[in-house]
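Below is target_2.txt, holding compact mmCIF, C-alpha atoms.
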```txt
# COMPACT_ATOMS: atom_id res chain seq x y z
CA MET E 2 100.38 117.05 106.23
CA PRO E 3 100.20 120.85 105.79
CA ASN E 4 96.75 122.11 105.09
CA LEU E 5 95.64 123.42 101.72
CA LYS E 6 95.62 127.06 102.64
CA ASP E 7 99.23 126.97 103.83
CA ILE E 8 100.41 125.43 100.60
CA ARG E 9 98.46 127.93 98.54
CA LYS E 10 100.10 130.77 100.44
CA ARG E 11 103.53 129.27 99.93
CA ILE E 12 102.96 129.00 96.18
CA GLY E 13 101.83 132.62 96.06
CA SER E 14 104.93 133.86 97.86
CA VAL E 15 107.30 131.82 95.71
CA LYS E 16 105.58 133.20 92.62
CA ASN E 17 106.13 136.73 93.87
CA THR E 18 109.79 136.07 94.50
CA GLN E 19 110.09 134.62 91.06
CA LYS E 20 108.63 137.77 89.57
CA ILE E 21 111.31 139.79 91.31
CA THR E 22 114.18 137.55 90.28
CA ARG E 23 112.90 137.48 86.73
CA ALA E 24 112.72 141.25 86.59
CA MET E 25 116.20 141.53 88.06
CA LYS E 26 117.47 139.15 85.45
CA MET E 27 116.00 141.27 82.68
CA VAL E 28 117.47 144.44 84.11
CA ALA E 29 120.87 142.80 84.50
CA ALA E 30 120.69 141.57 80.91
CA ALA E 31 119.96 145.06 79.61
CA ARG E 32 122.73 146.55 81.74
CA LEU E 33 125.10 143.81 80.68
CA ARG E 34 124.56 144.70 77.06
CA ARG E 35 125.31 148.34 77.75
CA ALA E 36 128.37 147.52 79.85
CA GLN E 37 129.60 145.20 77.13
CA ASP E 38 129.20 147.91 74.51
CA ARG E 39 131.20 150.29 76.63
CA LEU E 40 133.87 147.69 77.22
CA VAL E 41 134.18 147.14 73.50
CA ALA E 42 134.16 150.88 72.81
CA ALA E 43 137.02 151.39 75.23
CA ARG E 44 139.21 148.76 73.63
CA PRO E 45 140.52 150.66 70.59
CA TYR E 46 141.92 153.39 72.84
CA SER E 47 143.84 151.08 75.12
CA ARG E 48 145.01 148.96 72.23
CA ARG E 49 146.38 151.91 70.28
CA MET E 50 147.93 153.35 73.40
CA THR E 51 149.69 150.10 74.15
CA MET E 52 150.99 149.92 70.62
CA VAL E 53 152.35 153.44 70.67
CA ILE E 54 154.02 152.99 74.04
CA GLU E 55 155.56 149.79 72.82
CA SER E 56 157.06 151.43 69.79
CA LEU E 57 158.30 154.30 71.95
CA ALA E 58 159.72 151.98 74.56
CA ALA E 59 161.77 150.24 71.93
CA ARG E 60 163.51 153.53 71.26
CA VAL E 61 164.38 154.61 74.78
CA GLU E 62 167.05 153.07 76.92
CA GLY E 63 167.08 152.12 80.58
CA ASP E 64 164.60 153.15 83.24
CA VAL E 65 163.66 156.54 82.00
CA HIS E 66 160.47 157.04 83.88
CA PRO E 67 159.65 156.68 87.59
CA LEU E 68 156.58 154.58 86.75
CA LEU E 69 158.83 151.97 85.16
CA GLU E 70 161.19 151.65 88.08
CA ALA E 71 161.08 148.16 89.59
CA ARG E 72 162.17 148.33 93.20
CA GLU E 73 164.23 145.63 94.82
CA ARG E 74 162.61 145.84 98.22
CA ARG E 75 158.87 145.64 98.29
CA ASP E 76 157.73 146.59 101.76
CA ASN E 77 154.49 148.35 101.05
CA VAL E 78 151.99 147.05 98.59
CA LEU E 79 148.77 148.69 97.54
CA MET E 80 145.84 146.63 96.34
CA ILE E 81 142.96 148.22 94.48
CA VAL E 82 139.97 145.92 94.85
CA VAL E 83 137.11 146.48 92.44
CA SER E 84 133.89 144.96 93.78
CA SER E 85 130.22 145.78 93.32
CA ASN E 86 127.88 148.01 95.27
CA ARG E 87 125.06 145.50 95.49
CA GLY E 88 124.78 141.83 96.23
CA LEU E 89 122.55 139.22 94.62
CA CYS E 90 125.15 138.48 92.01
CA GLY E 91 126.23 134.97 92.97
CA GLY E 92 129.85 134.52 93.93
CA PHE E 93 130.96 137.70 92.19
CA ASN E 94 132.39 139.44 95.24
CA GLY E 95 133.05 136.28 97.25
CA ASN E 96 135.29 134.80 94.59
CA LEU E 97 137.21 138.02 94.18
CA PHE E 98 137.75 138.50 97.90
CA ARG E 99 138.86 134.91 98.24
CA ALA E 100 141.44 135.37 95.50
CA VAL E 101 142.63 138.65 97.01
CA ASP E 102 142.74 137.35 100.58
CA HIS E 103 144.70 134.36 99.43
CA TYR E 104 147.17 136.65 97.72
CA ILE E 105 147.41 138.97 100.71
CA ALA E 106 148.11 136.03 103.01
CA ASP E 107 151.00 135.04 100.74
CA ARG E 108 152.43 138.53 100.66
CA LYS E 109 152.18 138.91 104.39
CA VAL E 110 154.30 135.84 104.88
CA ALA E 111 156.89 137.58 102.74
CA GLY E 112 156.78 140.46 105.22
CA GLU E 113 155.03 143.02 103.11
CA LYS E 114 152.63 145.55 104.44
CA ILE E 115 149.36 145.63 102.55
CA SER E 116 147.20 148.66 102.05
CA ILE E 117 143.88 148.57 100.30
CA VAL E 118 141.81 150.87 98.18
CA PRO E 119 138.33 149.37 98.04
CA VAL E 120 136.16 150.27 95.08
CA GLY E 121 132.49 149.54 95.57
CA ARG E 122 130.55 149.16 98.77
CA LYS E 123 131.09 145.42 99.13
CA ALA E 124 134.86 145.75 99.21
CA GLN E 125 134.58 148.66 101.59
CA VAL E 126 132.58 146.55 104.03
CA HIS E 127 134.80 143.50 103.58
CA TYR E 128 138.10 145.29 104.12
CA GLY E 129 136.81 147.93 106.50
CA ARG E 130 136.91 145.48 109.38
CA GLY E 131 140.10 143.66 108.37
CA ALA E 132 143.60 144.15 109.66
CA ASN E 133 144.75 145.93 106.52
CA GLU E 134 144.98 149.62 106.19
CA VAL E 135 142.34 151.18 103.96
CA VAL E 136 143.87 154.14 102.19
CA ARG E 137 140.86 155.65 100.55
CA SER E 138 137.64 154.19 99.35
CA PHE E 139 135.67 154.88 96.21
CA PRO E 140 132.11 153.68 96.74
CA ASP E 141 130.58 155.90 94.07
CA ILE E 142 132.54 154.72 91.05
CA ILE E 143 130.49 151.60 90.50
CA GLY E 144 127.44 152.18 88.35
CA ASP E 145 128.84 155.37 86.93
CA VAL E 146 132.21 154.48 85.47
CA SER E 147 133.86 157.33 83.61
CA TYR E 148 137.34 158.26 82.54
CA LYS E 149 137.38 161.06 85.08
CA LYS E 150 136.81 158.64 87.93
CA ALA E 151 139.32 156.16 86.57
CA LYS E 152 141.80 159.01 86.46
CA GLU E 153 141.14 159.87 90.08
CA LEU E 154 141.62 156.27 91.11
CA ALA E 155 144.76 155.90 89.02
CA GLY E 156 146.01 159.13 90.58
CA VAL E 157 146.01 157.53 94.03
CA ALA E 158 148.12 154.68 92.70
CA ILE E 159 150.51 156.89 90.76
CA GLU E 160 151.03 159.38 93.57
CA GLY E 161 151.56 156.61 96.10
CA PHE E 162 154.03 154.87 93.87
CA VAL E 163 156.03 157.88 92.80
CA GLY E 164 156.04 159.24 96.34
CA ALA E 165 157.48 155.87 97.47
CA ASP E 166 154.55 155.17 99.81
CA PHE E 167 154.07 151.96 97.91
CA ASP E 168 156.58 149.81 96.10
CA ALA E 169 154.02 148.00 94.01
CA VAL E 170 150.39 148.44 93.12
CA TYR E 171 148.01 145.68 92.19
CA ILE E 172 144.56 145.91 90.77
CA CYS E 173 142.10 143.15 91.59
CA TYR E 174 138.93 142.74 89.63
CA ASN E 175 136.68 140.27 87.89
CA GLN E 176 137.53 140.04 84.25
CA PHE E 177 134.58 139.64 81.95
CA VAL E 178 134.79 136.48 79.87
CA SER E 179 131.23 135.89 78.76
CA ALA E 180 127.74 136.53 80.12
CA ILE E 181 128.04 133.50 82.37
CA ASN E 182 131.73 133.49 83.08
CA TYR E 183 134.38 135.70 84.65
CA ASN E 184 137.88 135.42 86.06
CA SER E 185 138.93 136.88 89.38
CA LEU E 186 142.27 138.50 88.72
CA VAL E 187 145.03 140.06 90.76
CA ARG E 188 147.10 142.01 88.28
CA PRO E 189 150.20 144.11 88.80
CA LEU E 190 149.54 147.71 87.84
CA LEU E 191 152.72 149.45 88.95
CA PRO E 192 155.59 149.44 88.30
CA LEU E 193 154.74 149.23 84.66
CA SER E 194 156.71 146.66 82.85
CA LEU E 195 157.35 147.27 79.21
CA HIS E 196 157.90 143.61 78.78
CA ASP E 197 154.35 142.91 79.93
CA LEU E 198 153.05 145.45 77.51
CA THR E 199 154.44 143.50 74.63
CA ALA E 200 153.11 140.24 76.00
CA ASP E 201 149.68 141.70 76.67
CA ALA E 202 149.13 143.06 73.21
CA PRO E 203 146.12 141.23 71.85
CA ALA E 204 146.82 139.34 68.68
CA LYS E 205 143.90 140.67 66.70
CA PRO E 206 143.84 140.56 62.91
CA GLY E 207 143.22 144.31 62.81
CA ALA E 208 146.26 145.06 64.91
CA ALA E 209 148.51 143.11 62.59
CA ALA E 210 147.36 145.16 59.62
CA VAL E 211 148.19 148.38 61.41
CA ASP E 212 151.61 147.03 62.37
CA ASN E 213 152.31 146.52 58.72
CA ASP E 214 151.34 150.12 58.09
CA ILE E 215 153.96 151.27 60.52
CA MET E 216 156.53 149.01 59.02
CA VAL E 217 155.87 150.40 55.56
CA ALA E 218 155.88 153.93 56.86
CA GLY E 219 159.24 153.51 58.60
CA GLU E 220 160.53 155.88 61.26
CA TYR E 221 158.32 158.36 63.02
CA ILE E 222 158.98 161.98 63.59
CA TYR E 223 158.54 162.61 67.30
CA GLU E 224 157.28 165.85 68.66
CA PRO E 225 158.63 166.91 71.11
CA ASP E 226 161.07 164.00 71.79
CA VAL E 227 160.75 160.36 72.72
CA ASN E 228 161.33 160.73 76.44
CA THR E 229 158.88 163.58 76.87
CA LEU E 230 156.29 161.68 74.89
CA LEU E 231 156.76 158.60 77.01
CA ALA E 232 156.56 160.59 80.23
CA LYS E 233 153.28 162.03 79.03
CA LEU E 234 151.83 158.76 77.87
CA LEU E 235 152.68 156.45 80.75
CA PRO E 236 150.36 157.96 83.36
CA GLY E 237 147.66 157.89 80.70
CA HIS E 238 148.38 154.24 80.19
CA VAL E 239 147.87 153.51 83.87
CA GLU E 240 144.59 155.41 83.76
CA VAL E 241 143.41 153.41 80.80
CA GLN E 242 144.35 150.17 82.53
CA VAL E 243 142.26 151.18 85.50
CA LEU E 244 139.37 152.24 83.30
CA GLN E 245 139.52 148.95 81.48
CA ALA E 246 139.44 147.06 84.79
CA LEU E 247 136.41 149.05 85.90
CA PHE E 248 134.59 148.33 82.67
CA GLU E 249 135.49 144.65 82.85
CA SER E 250 134.27 144.43 86.41
CA GLU E 251 131.04 146.22 85.56
CA ALA E 252 130.25 143.87 82.70
CA ALA E 253 131.21 140.84 84.79
CA GLU E 254 128.97 142.04 87.63
CA HIS E 255 125.91 142.29 85.44
CA GLY E 256 126.72 138.96 83.84
CA ALA E 257 127.09 137.33 87.25
CA ARG E 258 123.85 138.87 88.45
CA MET E 259 122.07 137.78 85.33
CA SER E 260 123.07 134.16 85.71
CA ALA E 261 122.42 134.20 89.46
CA MET E 262 118.93 135.55 88.88
CA GLU E 263 118.38 133.13 86.04
CA SER E 264 119.05 130.16 88.29
CA ALA E 265 116.98 131.72 91.08
CA THR E 266 114.08 132.00 88.66
CA ASN E 267 114.54 128.39 87.62
CA ASN E 268 114.70 127.26 91.22
CA ALA E 269 111.48 129.13 91.89
CA SER E 270 109.84 127.32 88.96
CA ASP E 271 110.95 123.97 90.34
CA MET E 272 109.66 124.87 93.75
CA ILE E 273 106.32 125.99 92.36
CA SER E 274 105.80 122.76 90.48
CA ARG E 275 106.77 120.74 93.54
CA LEU E 276 104.40 122.70 95.72
CA THR E 277 101.61 122.44 93.15
CA LEU E 278 101.99 118.67 93.13
CA GLN E 279 101.89 118.62 96.89
CA TYR E 280 98.84 120.86 96.83
CA ASN E 281 97.00 118.61 94.39
CA ARG E 282 97.84 115.54 96.42
CA ALA E 283 96.62 117.15 99.58
CA ARG E 284 93.45 118.24 97.84
CA GLN E 285 92.87 114.72 96.47
CA ALA E 286 93.48 113.20 99.89
CA TYR E 287 90.99 115.63 101.37
CA ILE E 288 88.33 114.77 98.76
CA THR E 289 88.90 111.06 99.19
CA ARG E 290 88.55 111.40 102.88
CA GLU E 291 85.30 113.33 102.49
CA ILE E 292 83.87 110.69 100.17
CA VAL E 293 84.87 107.87 102.46
CA GLU E 294 83.18 109.64 105.32
CA ILE E 295 79.98 110.25 103.32
CA ILE E 296 79.83 106.67 102.08
CA SER E 297 80.45 105.19 105.44
CA GLY E 298 77.78 107.50 106.86
CA ALA E 299 75.32 106.29 104.19
CA GLU E 300 76.28 102.65 104.85
CA SER E 301 75.56 102.99 108.55
CA LEU E 302 72.14 104.55 107.83
CA LYS E 303 71.22 101.62 105.60
CA GLY E 304 72.08 99.10 108.25
CA MET M 37 143.69 166.13 45.26
CA SER M 38 141.79 162.90 45.06
CA GLN M 39 143.70 161.59 48.03
CA LYS M 40 141.91 161.55 51.36
CA LEU M 41 143.00 161.17 54.91
CA HIS M 42 141.42 158.56 57.10
CA LEU M 43 140.76 160.23 60.41
CA GLU M 44 140.02 158.30 63.57
CA VAL M 45 139.26 160.00 66.85
CA VAL M 46 139.13 157.77 69.89
CA THR M 47 138.47 158.62 73.52
CA PRO M 48 138.73 156.16 76.40
CA GLU M 49 134.98 155.86 76.44
CA ARG M 50 134.13 155.54 72.78
CA ALA M 51 135.25 155.94 69.19
CA VAL M 52 134.09 159.42 68.17
CA LEU M 53 134.94 159.68 64.49
CA SER M 54 136.14 157.39 61.79
CA GLU M 55 135.87 158.89 58.34
CA GLU M 56 137.59 160.12 55.21
CA VAL M 57 138.53 163.79 55.31
CA ASP M 58 140.48 166.23 53.14
CA ASP M 59 142.63 167.61 55.90
CA VAL M 60 142.68 168.14 59.63
CA VAL M 61 144.14 170.83 61.85
CA LEU M 62 145.37 169.54 65.19
CA PRO M 63 146.27 171.46 68.35
CA GLY M 64 149.84 170.21 68.69
CA ILE M 65 151.75 170.94 71.86
CA GLU M 66 154.03 173.29 69.95
CA GLY M 67 151.32 175.02 67.97
CA GLN M 68 148.60 174.18 65.52
CA MET M 69 149.42 171.96 62.62
CA ASP M 70 147.58 171.18 59.47
CA ILE M 71 147.82 167.58 58.37
CA LEU M 72 147.36 166.86 54.69
CA PRO M 73 147.33 163.49 52.95
CA GLY M 74 150.81 162.07 52.45
CA HIS M 75 152.26 163.46 55.68
CA LEU M 76 155.38 161.82 57.05
CA PRO M 77 154.84 159.48 60.02
CA LEU M 78 154.58 161.63 63.11
CA LEU M 79 153.80 161.10 66.73
CA THR M 80 152.90 164.15 68.74
CA ILE M 81 151.36 165.24 71.99
CA LEU M 82 148.25 167.35 71.73
CA GLY M 83 147.39 170.25 73.96
CA VAL M 84 143.98 171.60 74.79
CA GLY M 85 142.59 173.21 71.69
CA GLU M 86 140.57 173.15 68.57
CA MET M 87 140.58 170.44 65.96
CA ILE M 88 139.30 171.48 62.56
CA VAL M 89 138.12 168.80 60.19
CA ARG M 90 137.71 169.79 56.54
CA GLN M 91 135.65 167.62 54.32
CA ASN M 92 134.42 168.54 50.85
CA GLY M 93 134.80 172.26 51.57
CA LYS M 94 132.92 171.99 54.85
CA GLU M 95 134.55 172.65 58.18
CA ARG M 96 133.74 171.05 61.48
CA HIS M 97 135.21 172.09 64.78
CA PHE M 98 135.89 170.04 67.86
CA LEU M 99 137.54 170.80 71.15
CA LEU M 100 140.21 168.32 72.14
CA ASP M 101 141.48 167.91 75.65
CA GLN M 102 145.03 166.63 75.51
CA GLY M 103 146.11 163.30 74.20
CA TYR M 104 148.27 162.46 71.26
CA ALA M 105 148.05 161.95 67.54
CA GLU M 106 149.67 159.34 65.42
CA ILE M 107 150.03 160.18 61.76
CA LEU M 108 150.83 157.61 59.14
CA THR M 109 150.95 158.55 55.50
CA ASN M 110 147.19 158.58 54.94
CA ARG M 111 145.84 157.87 58.38
CA VAL M 112 145.46 160.09 61.38
CA ILE M 113 144.67 158.54 64.70
CA VAL M 114 143.81 160.92 67.49
CA LEU M 115 143.65 159.63 71.03
CA THR M 116 142.27 162.20 73.37
CA GLU M 117 140.63 162.36 76.76
CA HIS M 118 137.69 164.34 75.47
CA CYS M 119 136.47 165.35 72.07
CA ASP M 120 133.54 167.72 72.22
CA GLY M 121 131.49 169.35 69.51
CA VAL M 122 130.10 172.78 70.26
CA ASN M 123 126.84 171.33 71.57
CA ASP M 124 128.56 169.00 74.00
CA ILE M 125 129.97 171.81 76.08
CA ASP M 126 128.11 173.05 79.09
CA VAL M 127 128.76 176.79 79.06
CA GLU M 128 127.41 177.41 82.54
CA GLN M 129 129.61 174.73 83.97
CA ALA M 130 132.64 176.08 82.16
CA ARG M 131 131.96 179.59 83.52
CA GLU M 132 131.64 178.28 87.02
CA GLY M 133 134.80 176.26 86.59
CA LEU M 134 136.62 179.33 85.32
CA LYS M 135 135.61 181.36 88.35
CA ARG M 136 136.46 178.58 90.75
CA PHE M 137 139.92 177.94 89.36
CA GLU M 138 140.66 181.65 89.15
CA SER M 139 139.89 182.13 92.82
CA GLU M 140 141.80 179.02 93.77
CA LEU M 141 144.80 180.12 91.78
CA SER M 142 144.81 183.55 93.42
CA LYS M 143 144.53 181.84 96.79
CA LEU M 144 147.52 179.74 95.90
CA GLU M 145 149.47 182.82 94.88
CA GLU M 146 148.59 184.46 98.16
CA LEU M 147 149.77 181.37 99.96
CA SER M 148 153.00 181.14 98.00
CA LYS M 149 154.07 184.53 99.36
CA THR M 150 154.16 183.20 102.89
CA GLU M 151 155.16 179.60 102.38
CA GLU M 152 156.40 177.05 99.94
CA VAL M 153 153.85 175.84 97.40
CA GLU M 154 154.56 172.98 95.09
CA GLU M 155 155.08 174.07 91.53
CA GLU M 156 153.14 171.05 90.36
CA LEU M 157 150.03 172.21 92.17
CA PHE M 158 150.29 175.55 90.42
CA GLU M 159 150.75 173.86 87.13
CA ARG M 160 147.68 171.69 87.63
CA HIS M 161 145.49 174.65 88.44
CA ARG M 162 146.81 176.65 85.54
CA MET M 163 146.02 173.77 83.24
CA ALA M 164 142.49 173.45 84.59
CA LEU M 165 141.93 177.18 84.25
CA GLU M 166 143.26 177.12 80.72
CA ARG M 167 140.95 174.28 79.84
CA GLU M 168 137.84 176.08 81.04
CA ARG M 169 138.90 179.24 79.27
CA MET M 170 139.47 177.32 76.03
CA LYS M 171 135.99 175.88 76.31
CA LEU M 172 134.42 179.31 76.57
CA VAL M 173 136.51 180.80 73.78
CA PHE M 174 135.68 177.84 71.61
CA VAL M 175 131.95 178.13 72.17
CA GLU M 176 131.97 181.88 71.55
CA THR M 177 133.86 181.71 68.28
CA GLU M 178 131.62 178.88 67.15
CA LYS M 179 128.51 180.89 67.88
CA LYS M 180 129.77 183.80 65.80
CA ASN M 181 130.34 181.67 62.74
```
Would it be possible to restate this file's structure as structure tokens?
Amino acid sequence: MPNLKDIRKRIGSVKNTQKITRAMKMVAAARLRRAQDRLVAARPYSRRMTMVIESLAARVEGDVHPLLEARERRDNVLMIVVSSNRGLCGGFNGNLFRAVDHYIADRKVAGEKISIVPVGRKAQVHYGRGANEVVRSFPDIIGDVSYKKAKELAGVAIEGFVGADFDAVYICYNQFVSAINYNSLVRPLLPLSLHDLTADAPAKPGAAAVDNDIMVAGEYIYEPDVNTLLAKLLPGHVEVQVLQALFESEAAEHGARMSAMESATNNASDMISRLTLQYNRARQAYITREIVEIISGAESLKG
Amino acid sequence: MSQKLHLEVVTPERAVLSEEVDDVVLPGIEGQMDILPGHLPLLTILGVGEMIVRQNGKERHFLLDQGYAEILTNRVIVLTEHCDGVNDIDVEQAREGLKRFESELSKLEELSKTEEVEEELFERHRMALERERMKLVFVETEKKN
């Protein structure tokens, strides 16, 4: 049986850990709220953009833009992997890497060469020692997501694709579902498929109302012309997709950390109550033993 | 003139404006254009330039950095990379940027005499230079008013 002092020390240290996990949970919750706000604020832009590109795409014929060109042979594939910079967020990175590795293994069987752009320190470490080529890493995007950085990241994908270094680009990230839930996704980014655009369009009540507006309004005037407009908008669309992924991943990270820290705090509580029970038992046993000793001492004096 | 335009300005990071206005001047790619209520549906690319919002006789100015505008009879939706009011612009930074791009552009020109330089690279630098210059011009004219 451990002595009383040991147990007391244990309880103290678990309490300290609990303080830390609780604080981390609070911080993650506050950050989650901010990340969620930003995610929501970014939605109108991407939604409108998608709608406009859709309506433009309906008016152009054939593959008019290099970003839309689907190649028959896919030898080189680029994967952008959006992870986090810090750990202590449950299976956030592990789940993503598992999904990506699984995917990569599949592609390799098909004879494709995989290159990787890791975003966030965890992905950098994970893929830095792997057999895949790391093109360029972006450790400083996480925690400070901005359109400028999304643009830079999208630029790597666009340049690589247009320059025929890569035949397809995927973006892998954790999609935010709710504070306690996320999906690890591997999504095709390039070539853009106009068909996907139509399928992706979120069926929101607001969007329907705007569609009606367009219907009532009839044909647009385009300035300059449809093809130029599309050429200008498509790279922007890729950038927005990337930005959206970064925002999603950021919100999912804080959500994952929040729930991981929540359960760590709960576990600490359980542990404390178990240890306290043990402590009380040990103390009681000690007292009982003392009493027995005293009584038996008194008995022997009497006799 | 009871009719109003509903103006929405959205950047990738947030929704900047959403309000009823009398008219709005946009920096179209082929020159400035004034949008009044009842405009025909129009989709246009925007350049770098000034957006003027008029509301009850008051004018507000913003600097837009590219994007596009969608105009439906009584709605204007502006999607732009940046929309800055006069106080959002960092003058010092813009000056530095101007100097930097100027020197880089002259370096490029120097280089192009001896060897091939991609036209696209030139174009990108010219755009960046233009953007910084626009920022400064915008701030100066705003200060005067």
As a short mmCIF file (atom, residue, chain, number, x, y, z; two decimals) with C-alpha atoms, in the coordinates of the input, could you give me every residue of chain E near chain M (at most 10 Å apart, counting all atoms listed in the file)?
```cif
data_model
loop_
_atom_site.label_atom_id
_atom_site.label_comp_id
_atom_site.auth_asym_id
_atom_site.auth_seq_id
_atom_site.Cartn_x
_atom_site.Cartn_y
_atom_site.Cartn_z
CA ASP E 38 129.20 147.91 74.51
CA ARG E 39 131.20 150.29 76.63
CA LEU E 40 133.87 147.69 77.22
CA VAL E 41 134.18 147.14 73.50
CA ALA E 42 134.16 150.88 72.81
CA ALA E 43 137.02 151.39 75.23
CA ARG E 44 139.21 148.76 73.63
CA PRO E 45 140.52 150.66 70.59
CA TYR E 46 141.92 153.39 72.84
CA SER E 47 143.84 151.08 75.12
CA ARG E 49 146.38 151.91 70.28
CA MET E 50 147.93 153.35 73.40
CA VAL E 53 152.35 153.44 70.67
CA LEU E 57 158.30 154.30 71.95
CA VAL E 146 132.21 154.48 85.47
CA SER E 147 133.86 157.33 83.61
CA TYR E 148 137.34 158.26 82.54
CA LYS E 149 137.38 161.06 85.08
CA VAL E 211 148.19 148.38 61.41
CA ASP E 214 151.34 150.12 58.09
CA ILE E 215 153.96 151.27 60.52
CA VAL E 217 155.87 150.40 55.56
CA ALA E 218 155.88 153.93 56.86
CA GLY E 219 159.24 153.51 58.60
CA GLU E 220 160.53 155.88 61.26
CA TYR E 221 158.32 158.36 63.02
CA ILE E 222 158.98 161.98 63.59
CA TYR E 223 158.54 162.61 67.30
CA GLU E 224 157.28 165.85 68.66
CA PRO E 225 158.63 166.91 71.11
CA ASP E 226 161.07 164.00 71.79
CA VAL E 227 160.75 160.36 72.72
CA THR E 229 158.88 163.58 76.87
CA LEU E 230 156.29 161.68 74.89
CA LEU E 231 156.76 158.60 77.01
CA LYS E 233 153.28 162.03 79.03
CA LEU E 234 151.83 158.76 77.87
CA GLY E 237 147.66 157.89 80.70
CA GLU E 240 144.59 155.41 83.76
CA VAL E 241 143.41 153.41 80.80
CA LEU E 244 139.37 152.24 83.30
CA GLN E 245 139.52 148.95 81.48
CA PHE E 248 134.59 148.33 82.67
#
```
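For range 168-174 of chain E, the non-local neighbours within 7 Å, defined as residues at least 6 positions apart in the same chain or in other chains and counting all atoms listed in the file, are Arg72, Arg75, Asp76, Asn77, Val78, Leu79, Met80, Ile81, Val82, Val83, Ser84, Leu97, Ala158, Phe162, Ser185, Leu186, Val187, Arg188, Pro189, Leu190, Leu191, Pro192, Ala246 and Ser250 of chain E.
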task = Take CA of Leu5 in chain E and CA of Tyr287 in chain E and report the distance between them in Å, one decimal.
result = 9.1 Å
request  = Would you mind listing what lies within 10 Å of Lys26 in chain E as number ranges by chain, with all atoms listed in the file counted and same-chain residues fewer than 3 positions away left out?
outcome  = E: 20-23, 29-32, 255-266
inquiry  = At a cut-off of 12 Å, using all atoms listed in the file, what residues contact Arg131 in chain M? Leave out same-chain residues fewer than 4 positions from it and give the result as JSON, numbers by chain.
reply    = {"M": [125, 126, 127, 135, 136, 137, 138, 165, 166, 167, 168, 169, 170, 171, 172, 173, 175]}
ask   = How far is it from CA of Ile88 in chain M to CA of Met163 in chain M, in Å with one decimal?
value = 21.9 Å
Within 12 Å of Ala124 in chain E using all atoms listed in the file, minus same-chain residues under 3 positions, as a PDB file with C-alpha atoms, in the coordinates of the input:
```
ATOM      1  CA  MET E  80     145.840 146.630  96.340  1.00  0.00           C
ATOM      2  CA  ILE E  81     142.960 148.220  94.480  1.00  0.00           C
ATOM      3  CA  VAL E  82     139.970 145.920  94.850  1.00  0.00           C
ATOM      4  CA  VAL E  83     137.110 146.480  92.440  1.00  0.00           C
ATOM      5  CA  SER E  84     133.890 144.960  93.780  1.00  0.00           C
ATOM      6  CA  SER E  85     130.220 145.780  93.320  1.00  0.00           C
ATOM      7  CA  ASN E  86     127.880 148.010  95.270  1.00  0.00           C
ATOM      8  CA  ARG E  87     125.060 145.500  95.490  1.00  0.00           C
ATOM      9  CA  GLY E  88     124.780 141.830  96.230  1.00  0.00           C
ATOM     10  CA  PHE E  93     130.960 137.700  92.190  1.00  0.00           C
ATOM     11  CA  ASN E  94     132.390 139.440  95.240  1.00  0.00           C
ATOM     12  CA  GLY E  95     133.050 136.280  97.250  1.00  0.00           C
ATOM     13  CA  ASN E  96     135.290 134.800  94.590  1.00  0.00           C
ATOM     14  CA  LEU E  97     137.210 138.020  94.180  1.00  0.00           C
ATOM     15  CA  PHE E  98     137.750 138.500  97.900  1.00  0.00           C
ATOM     16  CA  ARG E  99     138.860 134.910  98.240  1.00  0.00           C
ATOM     17  CA  VAL E 101     142.630 138.650  97.010  1.00  0.00           C
ATOM     18  CA  ASP E 102     142.740 137.350 100.580  1.00  0.00           C
ATOM     19  CA  ILE E 117     143.880 148.570 100.300  1.00  0.00           C
ATOM     20  CA  VAL E 118     141.810 150.870  98.180  1.00  0.00           C
ATOM     21  CA  PRO E 119     138.330 149.370  98.040  1.00  0.00           C
ATOM     22  CA  VAL E 120     136.160 150.270  95.080  1.00  0.00           C
ATOM     23  CA  GLY E 121     132.490 149.540  95.570  1.00  0.00           C
ATOM     24  CA  HIS E 127     134.800 143.500 103.580  1.00  0.00           C
ATOM     25  CA  TYR E 128     138.100 145.290 104.120  1.00  0.00           C
ATOM     26  CA  GLY E 129     136.810 147.930 106.500  1.00  0.00           C
ATOM     27  CA  ARG E 130     136.910 145.480 109.380  1.00  0.00           C
ATOM     28  CA  GLY E 131     140.100 143.660 108.370  1.00  0.00           C
ATOM     29  CA  VAL E 135     142.340 151.180 103.960  1.00  0.00           C
ATOM     30  CA  ARG E 137     140.860 155.650 100.550  1.00  0.00           C
ATOM     31  CA  SER E 138     137.640 154.190  99.350  1.00  0.00           C
ATOM     32  CA  PHE E 139     135.670 154.880  96.210  1.00  0.00           C
ATOM     33  CA  PRO E 140     132.110 153.680  96.740  1.00  0.00           C
ATOM     34  CA  ILE E 143     130.490 151.600  90.500  1.00  0.00           C
ATOM     35  CA  CYS E 173     142.100 143.150  91.590  1.00  0.00           C
ATOM     36  CA  TYR E 174     138.930 142.740  89.630  1.00  0.00           C
TER      37      TYR E 174
END
```
